[in-house]
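Enquirer: structure_34.pdb is reproduced below (PDB, C-alpha atoms).
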```pdb
ATOM      1  CA  MET A 240       0.000   0.000   0.000
ATOM      2  CA  ALA A 241       2.731   2.500   0.928
ATOM      3  CA  VAL A 242       4.797   1.492  -2.115
ATOM      4  CA  ASP A 243       1.825   2.097  -4.410
ATOM      5  CA  ALA A 244       1.212   5.492  -2.803
ATOM      6  CA  MET A 245       4.888   6.416  -3.247
ATOM      7  CA  LYS A 246       4.856   5.347  -6.905
ATOM      8  CA  ALA A 247       1.753   7.463  -7.519
ATOM      9  CA  HIS A 248       3.339  10.445  -5.745
ATOM     10  CA  LEU A 249       6.529  10.169  -7.813
ATOM     11  CA  ARG A 250       4.495   9.806 -11.001
ATOM     12  CA  ASP A 251       2.492  12.955 -10.185
ATOM     13  CA  PHE A 252       5.459  14.880  -8.732
ATOM     14  CA  PRO A 253       8.667  13.672 -10.406
ATOM     15  CA  VAL A 254      11.891  14.186  -8.486
ATOM     16  CA  ASP A 255      14.237  16.746 -10.042
ATOM     17  CA  GLY A 256      17.410  14.641 -10.364
ATOM     18  CA  PRO A 257      19.142  12.413  -7.800
ATOM     19  CA  GLU A 258      19.434  15.268  -5.288
ATOM     20  CA  GLY A 259      15.813  16.373  -5.684
ATOM     21  CA  TRP A 260      13.220  16.500  -2.939
ATOM     22  CA  ILE A 261      10.617  13.725  -2.801
ATOM     23  CA  PHE A 262       8.230  15.812  -0.722
ATOM     24  CA  THR A 263       8.298  19.544  -1.260
ATOM     25  CA  ALA A 264       6.752  22.658   0.210
ATOM     26  CA  PRO A 265       3.808  24.111  -1.774
ATOM     27  CA  GLN A 266       6.110  26.715  -3.336
ATOM     28  CA  GLY A 267       8.809  24.102  -4.089
ATOM     29  CA  GLY A 268      11.997  23.276  -2.236
ATOM     30  CA  PRO A 269      12.264  21.522   1.109
ATOM     31  CA  MET A 270       9.399  21.364   3.567
ATOM     32  CA  ILE A 271       9.726  23.505   6.655
ATOM     33  CA  TYR A 272       9.344  21.257   9.695
ATOM     34  CA  THR A 273       7.085  23.557  11.720
ATOM     35  CA  HIS A 274       4.820  24.131   8.712
ATOM     36  CA  PHE A 275       4.570  20.391   8.151
ATOM     37  CA  MET A 276       3.874  19.711  11.827
ATOM     38  CA  ASP A 277       1.249  22.446  12.196
ATOM     39  CA  GLY A 278      -0.346  22.090   8.771
ATOM     40  CA  SER A 279      -0.331  18.336   8.232
ATOM     41  CA  TRP A 280       1.006  16.138  11.015
ATOM     42  CA  ARG A 281      -0.823  17.445  14.098
ATOM     43  CA  PRO A 282      -4.211  17.748  12.315
ATOM     44  CA  ALA A 283      -3.821  14.159  11.055
ATOM     45  CA  CYS A 284      -2.906  12.962  14.555
ATOM     46  CA  ALA A 285      -5.882  14.781  16.078
ATOM     47  CA  LYS A 286      -8.214  13.209  13.507
ATOM     48  CA  ALA A 287      -6.752   9.750  14.248
ATOM     49  CA  GLY A 288      -6.924  10.223  18.025
ATOM     50  CA  ILE A 289      -3.134  10.145  18.445
ATOM     51  CA  ALA A 290      -1.566  12.172  21.258
ATOM     52  CA  LYS A 291      -0.540  15.700  20.260
ATOM     53  CA  SER A 292       3.014  15.127  21.521
ATOM     54  CA  THR A 293       3.584  12.200  19.103
ATOM     55  CA  GLY A 294       6.105  13.053  16.407
ATOM     56  CA  PRO A 295       6.726  11.482  12.989
ATOM     57  CA  HIS A 296       9.682   9.488  14.345
ATOM     58  CA  ALA A 297       7.164   7.448  16.355
ATOM     59  CA  LEU A 298       6.147   5.805  13.061
ATOM     60  CA  ARG A 299       9.688   4.485  12.676
ATOM     61  CA  HIS A 300       9.610   3.043  16.198
ATOM     62  CA  HIS A 301       6.189   1.514  15.580
ATOM     63  CA  TYR A 302       7.407  -0.092  12.355
ATOM     64  CA  ALA A 303      10.528  -1.415  14.099
ATOM     65  CA  SER A 304       8.410  -2.873  16.908
ATOM     66  CA  LEU A 305       6.171  -4.637  14.394
ATOM     67  CA  LEU A 306       9.183  -6.212  12.677
ATOM     68  CA  ILE A 307      10.439  -7.523  16.008
ATOM     69  CA  LYS A 308       7.005  -8.707  17.137
ATOM     70  CA  HIS A 309       6.705 -10.744  13.969
ATOM     71  CA  SER A 310      10.183 -12.268  14.439
ATOM     72  CA  GLU A 311      11.969 -10.583  11.549
ATOM     73  CA  SER A 312      15.690 -11.271  11.476
ATOM     74  CA  VAL A 313      18.142  -8.645  12.680
ATOM     75  CA  LYS A 314      19.513  -8.483   9.123
ATOM     76  CA  THR A 315      16.101  -7.679   7.621
ATOM     77  CA  PHE A 316      15.335  -5.271  10.462
ATOM     78  CA  SER A 317      18.642  -3.489   9.802
ATOM     79  CA  GLU A 318      18.019  -3.228   6.056
ATOM     80  CA  ARG A 319      14.451  -1.982   6.436
ATOM     81  CA  LEU A 320      15.449   0.756   8.871
ATOM     82  CA  GLY A 321      18.422   1.825   6.766
ATOM     83  CA  HIS A 322      21.083   0.957   9.316
ATOM     84  CA  THR A 323      24.653   0.578   8.073
ATOM     85  CA  ASN A 324      24.765  -3.039   9.259
ATOM     86  CA  ALA A 325      23.246  -5.451  11.776
ATOM     87  CA  VAL A 326      25.865  -4.529  14.388
ATOM     88  CA  MET A 327      24.547  -0.964  14.354
ATOM     89  CA  THR A 328      21.020  -2.326  14.816
ATOM     90  CA  LEU A 329      22.075  -4.444  17.781
ATOM     91  CA  ASN A 330      23.941  -1.524  19.375
ATOM     92  CA  ILE A 331      20.936   0.775  19.006
ATOM     93  CA  GLY A 332      17.970  -1.518  19.405
ATOM     94  CA  THR A 333      18.652  -4.290  21.875
ATOM     95  CA  HIS A 334      16.164  -2.773  24.319
ATOM     96  CA  VAL A 335      13.309  -3.665  21.962
ATOM     97  CA  TRP A 336      14.100  -7.367  22.178
ATOM     98  CA  LEU A 337      13.202  -7.466  25.878
ATOM     99  CA  ASP A 338      11.073 -10.575  25.623
ATOM    100  CA  SER A 339      13.726 -12.635  23.814
ATOM    101  CA  GLU A 340      14.590 -14.472  27.051
ATOM    102  CA  GLU A 341      10.980 -15.603  27.344
ATOM    103  CA  ARG A 342      10.806 -16.583  23.634
ATOM    104  CA  THR A 343      14.026 -18.571  23.993
ATOM    105  CA  ARG A 344      12.674 -20.396  27.034
ATOM    106  CA  ALA A 345       9.378 -21.095  25.238
ATOM    107  CA  ALA A 346      11.237 -22.490  22.203
ATOM    108  CA  VAL A 347      13.143 -24.954  24.388
ATOM    109  CA  VAL A 348       9.989 -25.980  26.266
ATOM    110  CA  LYS A 349       8.166 -26.504  22.959
ATOM    111  CA  ALA A 350      11.027 -28.592  21.570
ATOM    112  CA  TYR A 351      10.827 -30.977  24.522
ATOM    113  CA  ALA A 352       7.082 -30.846  25.160
ATOM    114  CA  GLY A 353       6.287 -34.274  23.780
ATOM    115  CA  PRO A 354       8.067 -37.533  24.503
ATOM    116  CA  PRO A 355      10.355 -38.645  21.663
ATOM    117  CA  ALA A 356       9.380 -41.711  19.640
ATOM    118  CA  ASP A 357      12.448 -43.535  20.901
ATOM    119  CA  SER A 358      15.000 -42.380  23.421
ATOM    120  CA  SER A 359      18.087 -43.241  21.413
ATOM    121  CA  SER A 360      16.969 -41.150  18.414
ATOM    122  CA  ALA A 361      16.314 -38.184  20.740
ATOM    123  CA  LEU A 362      19.821 -38.430  22.166
ATOM    124  CA  ARG A 363      21.327 -38.887  18.728
ATOM    125  CA  THR A 364      19.596 -35.658  17.685
ATOM    126  CA  LEU A 365      20.715 -33.835  20.828
ATOM    127  CA  CYS A 366      24.257 -35.182  21.057
ATOM    128  CA  GLY A 367      25.037 -36.091  17.480
ATOM    129  CA  GLN A 368      25.784 -39.664  18.480
ATOM    130  CA  ARG A 369      23.995 -42.844  19.489
ATOM    131  CA  ARG A 370      23.552 -43.548  23.217
ATOM    132  CA  PRO A 371      21.948 -46.624  24.745
ATOM    133  CA  PRO A 372      18.269 -45.968  25.655
ATOM    134  CA  ASP A 373      18.843 -46.919  29.306
ATOM    135  CA  LEU A 374      21.025 -43.819  29.742
ATOM    136  CA  LEU A 375      18.117 -41.513  29.026
ATOM    137  CA  ARG A 376      15.341 -40.636  31.420
ATOM    138  CA  ARG A 377      12.746 -37.893  31.136
ATOM    139  CA  ARG A 378      12.327 -35.359  33.884
ATOM    140  CA  SER A 379       9.064 -35.719  35.743
ATOM    141  CA  ASP A 380       7.889 -32.370  34.328
ATOM    142  CA  GLY A 381       8.608 -33.608  30.804
ATOM    143  CA  LEU A 382      10.655 -30.525  29.855
ATOM    144  CA  SER A 383      14.121 -31.853  29.162
ATOM    145  CA  PRO A 384      15.982 -35.132  29.061
ATOM    146  CA  ASN A 385      18.690 -35.869  31.600
ATOM    147  CA  VAL A 386      21.513 -38.308  31.016
ATOM    148  CA  ILE A 387      21.984 -40.696  33.932
ATOM    149  CA  ARG A 388      25.595 -40.854  35.038
ATOM    150  CA  ARG A 389      26.907 -44.248  36.190
TER     151      ARG A 389
END
```
Please rewrite the model in this file as structure tokens.

Expert:
Amino acid sequence: MAVDAMKAHLRDFPVDGPEGWIFTAPQGGPMIYTHFMDGSWRPACAKAGIAKSTGPHALRHHYASLLIKHSESVKTFSERLGHTNAVMTLNIGTHVWLDSEERTRAAVVKAYAGPPADSSSALRTLCGQRRPPDLLRRRSDGLSPNVIRR
């Protein structure tokens, strides 16, 4: 939807060369921030019921939060937000991955939620080698296997 709107805008208002402005003031040239805020942004926010103190940068944060919520990779997140690389993204945005500890825990619980078809194949998957079935027992809560030491 946004891509289609941008294509239509560029068709109706072609950019004047590689250094041209995509969005211009009514008289041409760059938009003046206060004019944009007072004439377009704040009225649109008021109509949408968005707090008056919300600035345009909040859209970037909202978009970033949606990417994280829907488990986008750090690489994709970095590219979409125009970061130089994923390291920059991780340095800036680690606070938005607050629930990753819980997701990690849930992934492990899910992986071990059901009993394996046969104990030796479960250990082979976990350890990369075959172990005798009698060395494997399931915890009483069913969450993770424990190897019995002799």

Enquirer: Name the residues in contact with Met270 in chain A at a cut-off of 12 Å, using all atoms listed in the file, excluding same-chain residues fewer than 6 positions from it; report them as a PDB file with C-alpha atoms, in the frame of the given file.

Expert:
```pdb
ATOM      1  CA  TRP A 260      13.220  16.500  -2.939  1.00  0.00           C
ATOM      2  CA  ILE A 261      10.617  13.725  -2.801  1.00  0.00           C
ATOM      3  CA  PHE A 262       8.230  15.812  -0.722  1.00  0.00           C
ATOM      4  CA  THR A 263       8.298  19.544  -1.260  1.00  0.00           C
ATOM      5  CA  ALA A 264       6.752  22.658   0.210  1.00  0.00           C
ATOM      6  CA  MET A 276       3.874  19.711  11.827  1.00  0.00           C
ATOM      7  CA  ASP A 277       1.249  22.446  12.196  1.00  0.00           C
ATOM      8  CA  GLY A 278      -0.346  22.090   8.771  1.00  0.00           C
ATOM      9  CA  SER A 279      -0.331  18.336   8.232  1.00  0.00           C
TER      10      SER A 279
END
```

Enquirer: Just checking: using all atoms listed in the file, which residue out of A:Val313, A:Met240, A:Val254, A:Met245 ends up closest to Ala325 in chain A?

Expert: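 Closest residue, counting all atoms listed in the file: A:Val313.
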
Enquirer: Quick one, how far is CA of Ala346 in chain A from CA of Leu305 in chain A?

Expert: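 Between CA of Ala346 in chain A and CA of Leu305 in chain A the gap works out to 20.1 Å.
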
Enquirer: Using all atoms of range 319-325 of chain A that appear in the file, construct an axis-aligned enclosing box with 5 Å of padding on every side and provide its centre coordinates and edge lengths in Å, rounded to one decimal, as JSON.

Expert:
```
{"center_x": 19.6, "center_y": -1.8, "center_z": 9.1, "size_x": 20.3, "size_y": 17.3, "size_z": 15.3}
```

Enquirer: So how many Å separate CA of Ala303 in chain A and CA of Leu329 in chain A, to one decimal?

Expert: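 It comes out at 12.5 Å.
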
Enquirer: Residues picked by the PyMOL selection byres ((chain A and resi 291-297) around 12) here, as a PyMOL selection string?

Expert: chain A and resi 272-273+275-277+279-290+298-304+320

Enquirer: Take CA of Thr343 in chain A and CA of Ser310 in chain A and report the distance between them in Å, one decimal.

Expert: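 Going from CA of Thr343 in chain A over to CA of Ser310 in chain A, I get 12.1 Å.
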
Enquirer: Saving range 264-301 of chain A with C-alpha atoms, as a PDB file, in the first residue's frame, what would that file be?

Expert:
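Output (selection.pdb):
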```
ATOM      1  CA  ALA A 264       6.752  22.658   0.210  1.00  0.00           C
ATOM      2  CA  PRO A 265       3.808  24.111  -1.774  1.00  0.00           C
ATOM      3  CA  GLN A 266       6.110  26.715  -3.336  1.00  0.00           C
ATOM      4  CA  GLY A 267       8.809  24.102  -4.089  1.00  0.00           C
ATOM      5  CA  GLY A 268      11.997  23.276  -2.236  1.00  0.00           C
ATOM      6  CA  PRO A 269      12.264  21.522   1.109  1.00  0.00           C
ATOM      7  CA  MET A 270       9.399  21.364   3.567  1.00  0.00           C
ATOM      8  CA  ILE A 271       9.726  23.505   6.655  1.00  0.00           C
ATOM      9  CA  TYR A 272       9.344  21.257   9.695  1.00  0.00           C
ATOM     10  CA  THR A 273       7.085  23.557  11.720  1.00  0.00           C
ATOM     11  CA  HIS A 274       4.820  24.131   8.712  1.00  0.00           C
ATOM     12  CA  PHE A 275       4.570  20.391   8.151  1.00  0.00           C
ATOM     13  CA  MET A 276       3.874  19.711  11.827  1.00  0.00           C
ATOM     14  CA  ASP A 277       1.249  22.446  12.196  1.00  0.00           C
ATOM     15  CA  GLY A 278      -0.346  22.090   8.771  1.00  0.00           C
ATOM     16  CA  SER A 279      -0.331  18.336   8.232  1.00  0.00           C
ATOM     17  CA  TRP A 280       1.006  16.138  11.015  1.00  0.00           C
ATOM     18  CA  ARG A 281      -0.823  17.445  14.098  1.00  0.00           C
ATOM     19  CA  PRO A 282      -4.211  17.748  12.315  1.00  0.00           C
ATOM     20  CA  ALA A 283      -3.821  14.159  11.055  1.00  0.00           C
ATOM     21  CA  CYS A 284      -2.906  12.962  14.555  1.00  0.00           C
ATOM     22  CA  ALA A 285      -5.882  14.781  16.078  1.00  0.00           C
ATOM     23  CA  LYS A 286      -8.214  13.209  13.507  1.00  0.00           C
ATOM     24  CA  ALA A 287      -6.752   9.750  14.248  1.00  0.00           C
ATOM     25  CA  GLY A 288      -6.924  10.223  18.025  1.00  0.00           C
ATOM     26  CA  ILE A 289      -3.134  10.145  18.445  1.00  0.00           C
ATOM     27  CA  ALA A 290      -1.566  12.172  21.258  1.00  0.00           C
ATOM     28  CA  LYS A 291      -0.540  15.700  20.260  1.00  0.00           C
ATOM     29  CA  SER A 292       3.014  15.127  21.521  1.00  0.00           C
ATOM     30  CA  THR A 293       3.584  12.200  19.103  1.00  0.00           C
ATOM     31  CA  GLY A 294       6.105  13.053  16.407  1.00  0.00           C
ATOM     32  CA  PRO A 295       6.726  11.482  12.989  1.00  0.00           C
ATOM     33  CA  HIS A 296       9.682   9.488  14.345  1.00  0.00           C
ATOM     34  CA  ALA A 297       7.164   7.448  16.355  1.00  0.00           C
ATOM     35  CA  LEU A 298       6.147   5.805  13.061  1.00  0.00           C
ATOM     36  CA  ARG A 299       9.688   4.485  12.676  1.00  0.00           C
ATOM     37  CA  HIS A 300       9.610   3.043  16.198  1.00  0.00           C
ATOM     38  CA  HIS A 301       6.189   1.514  15.580  1.00  0.00           C
TER      39      HIS A 301
END
```
